[in-house]
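Quick notes on the structure that follows.
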Amino acid sequence: MKTFISAALAAILLASPALANCVPVSAGLPGWERLDFDDLTPNKWTEEAGALVATSQNSASMLYTSAPASAGPVLSWRWRVDQAVPATDLTRKGGDDRSLSLTVGFAYDSANASMGERMKRVVVESVAGADAPGRIIDFIWGGNQPVGTRIESPYSGSASQMVIRRSATEPSGQWQTERVDLAALYRDLWGNAAPAVTRIAVFIDTDDTGVPGQSRIADICFSNG
């Protein structure tokens with residue numbers, strides 16, 4: 001099932017223009033699209049006071065939207081976990097629930113793709129289309145790995161990297177602010193300049209642990225510094 005989620009995530013992170021450098025979150029969530037999975041109960045997505053609220057109960061689904069046009073290389077956001085998901089091993093297929101993740105998809109860069117990525121590209125495009133991203137970074141609140149840990153996706157390999165920003169044991173009910181230099185991180189992870197950011201997605205996942213979870217995210221913005 002998670003293999004399907006990985007392919008579906010790649011499919012939705014497509015290049016598309018937006019109007020501002022911050023991602024709007026307003027009543028009714030205009031501009032956001034749901035991605036549900038046939039074999040799983042979907043999460044509940046709502047908006048409250050300018051924040052995207054993700055509620056999960058033995059469920060998994062995601063919400064996605066276009067990255068802002070001409071998105072700068074620095075990404076910032078605020079997030080909060082109100083009902084935490086237990087720590088899981090994010091390297092294990094079928095056991096990688098998390099309280100929340102913010103996913104950033106980058107355009108496919110054929111000039112700097114590895115041999116393995118080039119070989120897989122035909123399959124990726126057949127499933128997700130020619131505009132599917134080449135590489136993905138997941139910023140995660142959860143897991144049992146230390147904060148700062150970088151992990152290759154157990155489903156997608158080196159083209160999809162997870163970065164632990166907050167541990168599963170972080171205090172609940174408190175807003176935390178993040179700021180990431182995407183250009184520097186991308187170069188550190190893959191050794192070349194970052195291509196354009198195309199889409200972002202928000203994901204909460206409790207289908208393996210079966211527990212309830214609720215988190216919020218707001219003020220997702222791109223800047224030049």
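How things are named: the first chain in the structure tokens is A, the next is B, and so on; residues count from 1 in each chain; ligands count from 1 in the order shown.
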
Which of chain A counts as alpha helix (DSSP H) under DSSP, as JSON, numbers by chain please?
{"A": [2, 3, 4, 5, 6, 7, 8, 9, 10, 11, 12, 115, 116, 117, 118, 119, 120, 121, 122, 123, 124, 125, 126, 127, 128, 182, 183, 184, 185, 186, 187, 188, 189, 190]}

Skipping near chain neighbours, those fewer than 5 positions away, what residues fall within 7 Å of range 132-143 of chain A using only C-alpha atoms, listed as a PyMOL selection string?
chain A and resi 10-11+13-14+87-90+98-109+125+159-168

Spatial neighbours of Ser56 in chain A, max dist 7 Å, only C-alpha atoms, sep filter under 6 positions, as a PyMOL selection string
chain A and resi 43-44+204-206+212-214

Once you have the residues from the selection above, write them out as a short mmCIF file (atom, residue, chain, number, x, y, z; two decimals), in the first residue's frame, restricted to N, CA and C atoms.
```cif
data_model
loop_
_atom_site.label_atom_id
_atom_site.label_comp_id
_atom_site.auth_asym_id
_atom_site.auth_seq_id
_atom_site.Cartn_x
_atom_site.Cartn_y
_atom_site.Cartn_z
N ASN A 43 -8.11 10.88 5.86
CA ASN A 43 -8.05 11.83 6.96
C ASN A 43 -9.12 12.91 6.78
N LYS A 44 -9.31 13.70 7.81
CA LYS A 44 -10.21 14.85 7.74
C LYS A 44 -9.34 16.11 7.68
N ILE A 204 -0.59 13.16 7.08
CA ILE A 204 -0.65 12.57 8.41
C ILE A 204 -1.07 11.13 8.23
N ASP A 205 -0.50 10.23 9.02
CA ASP A 205 -0.59 8.80 8.73
C ASP A 205 -0.73 8.02 10.04
N THR A 206 -1.88 7.35 10.23
CA THR A 206 -2.09 6.54 11.43
C THR A 206 -2.62 5.15 11.11
N PRO A 212 -5.59 7.71 17.09
CA PRO A 212 -6.02 9.03 16.60
C PRO A 212 -4.85 10.01 16.61
N GLY A 213 -4.86 10.94 15.68
CA GLY A 213 -3.83 11.97 15.64
C GLY A 213 -4.41 13.25 15.08
N GLN A 214 -3.90 14.36 15.57
CA GLN A 214 -4.33 15.66 15.04
C GLN A 214 -3.16 16.64 15.09
#
```

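Minimum atom-to-atom distances from A:Gln57, A:Ser158, A:Thr198, A:Thr177 to Met115 in chain A were compared using only C-alpha atoms, and the lowest value belongs to A:Ser158.
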
Counting only C-alpha atoms, the residue of A:Gly225, A:Pro24, A:Gly173, A:Gly157 that sits nearest Thr91 in chain A
A:Gly157

Using backbone DSSP assignments, extract all strand (DSSP E or B) residues from chain A; output them as JSON, numbers by chain.
{"A": [22, 33, 34, 35, 44, 45, 46, 47, 48, 51, 52, 53, 54, 55, 56, 57, 60, 61, 62, 63, 64, 65, 66, 74, 75, 76, 77, 78, 79, 80, 81, 82, 83, 98, 99, 100, 101, 102, 103, 104, 105, 106, 135, 136, 137, 138, 139, 140, 141, 150, 151, 152, 153, 157, 158, 159, 160, 161, 162, 163, 164, 165, 166, 176, 177, 178, 179, 180, 181, 197, 198, 199, 200, 201, 202, 203, 204, 205, 212, 213, 214, 215, 216, 217, 218, 219, 220, 221, 222, 223]}

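Taking CA of Asp207 in chain A as the reference point, CA of Arg80 in chain A is found at 20.3 Å.
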
Atom-to-atom span, CA of Ser66 in chain A and CA of Val127 in chain A, Å:
19.7 Å

Write out as a list in words each polymer residue whose atoms come within 7 Å of Cys221 in chain A, counting only C-alpha atoms; drop sequence neighbours fewer than 6 positions from it.
Asn21, Cys22, Val23, Leu75, Ser76 and Trp77 of chain A

Could the residues in this selection be saved with C-alpha atoms as an mmCIF file, in the first residue's frame?
```
data_model
loop_
_atom_site.group_PDB
_atom_site.id
_atom_site.type_symbol
_atom_site.label_atom_id
_atom_site.label_comp_id
_atom_site.auth_asym_id
_atom_site.auth_seq_id
_atom_site.Cartn_x
_atom_site.Cartn_y
_atom_site.Cartn_z
ATOM 1 C CA ASN A 21 5.219 33.367 -2.107
ATOM 2 C CA CYS A 22 3.091 32.077 0.766
ATOM 3 C CA VAL A 23 0.660 29.196 0.433
ATOM 4 C CA LEU A 75 11.090 27.580 3.153
ATOM 5 C CA SER A 76 9.499 28.475 6.483
ATOM 6 C CA TRP A 77 6.393 27.280 8.260
#
```

Looking at A:Leu52, A:Val74, A:Pro195, A:Asn144, which one is nearest to Ser110 in chain A, with distances taken over only C-alpha atoms?
A:Pro195

Which residues are close to Ala67 in chain A, i.e. within 7 Å by only C-alpha atoms, leaving aside same-chain residues fewer than 3 positions away? Reply as a ChimeraX atom specification.
/A:18,71,197-200

Prev. selection, N, CA and C atoms, output as a compact mmCIF listing (two decimals), in the first residue's frame:
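File part25.txt, as written:
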```
# COMPACT_ATOMS: atom_id res chain seq x y z
N ALA A 18 1.48 29.69 -9.14
CA ALA A 18 0.72 30.20 -8.03
C ALA A 18 0.92 31.70 -7.99
N ALA A 71 9.19 30.44 -6.48
CA ALA A 71 9.43 30.20 -5.06
C ALA A 71 10.90 30.38 -4.73
N VAL A 197 11.11 24.20 -7.26
CA VAL A 197 10.09 23.52 -6.44
C VAL A 197 8.78 23.58 -7.21
N THR A 198 8.10 22.45 -7.29
CA THR A 198 6.88 22.38 -8.09
C THR A 198 5.61 22.30 -7.26
N ARG A 199 5.61 21.43 -6.25
CA ARG A 199 4.42 21.29 -5.42
C ARG A 199 4.81 20.99 -3.99
N ILE A 200 3.84 21.18 -3.10
CA ILE A 200 4.01 20.77 -1.71
C ILE A 200 2.81 19.92 -1.31
```

Could you work out how far CA of Glu152 in chain A lies from CA of Asn58 in chain A, giving the answer in Å with one decimal?
24.8 Å

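Checking A:Pro86, A:Pro30, A:Gly72, A:Gly50 one by one against Ala196 in chain A, counting only C-alpha atoms, you find the shortest gap at A:Gly72.
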
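Distances to Ala60 in chain A were evaluated for A:Glu33, A:Asp38, A:Glu170, A:Asp82 using only C-alpha atoms, and the minimum falls at A:Asp38.
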
For Gly210 in chain A, which residue among A:Ser26, A:Ser59, A:Thr46, A:Thr41 is the nearest when counting only C-alpha atoms?
A:Ser59
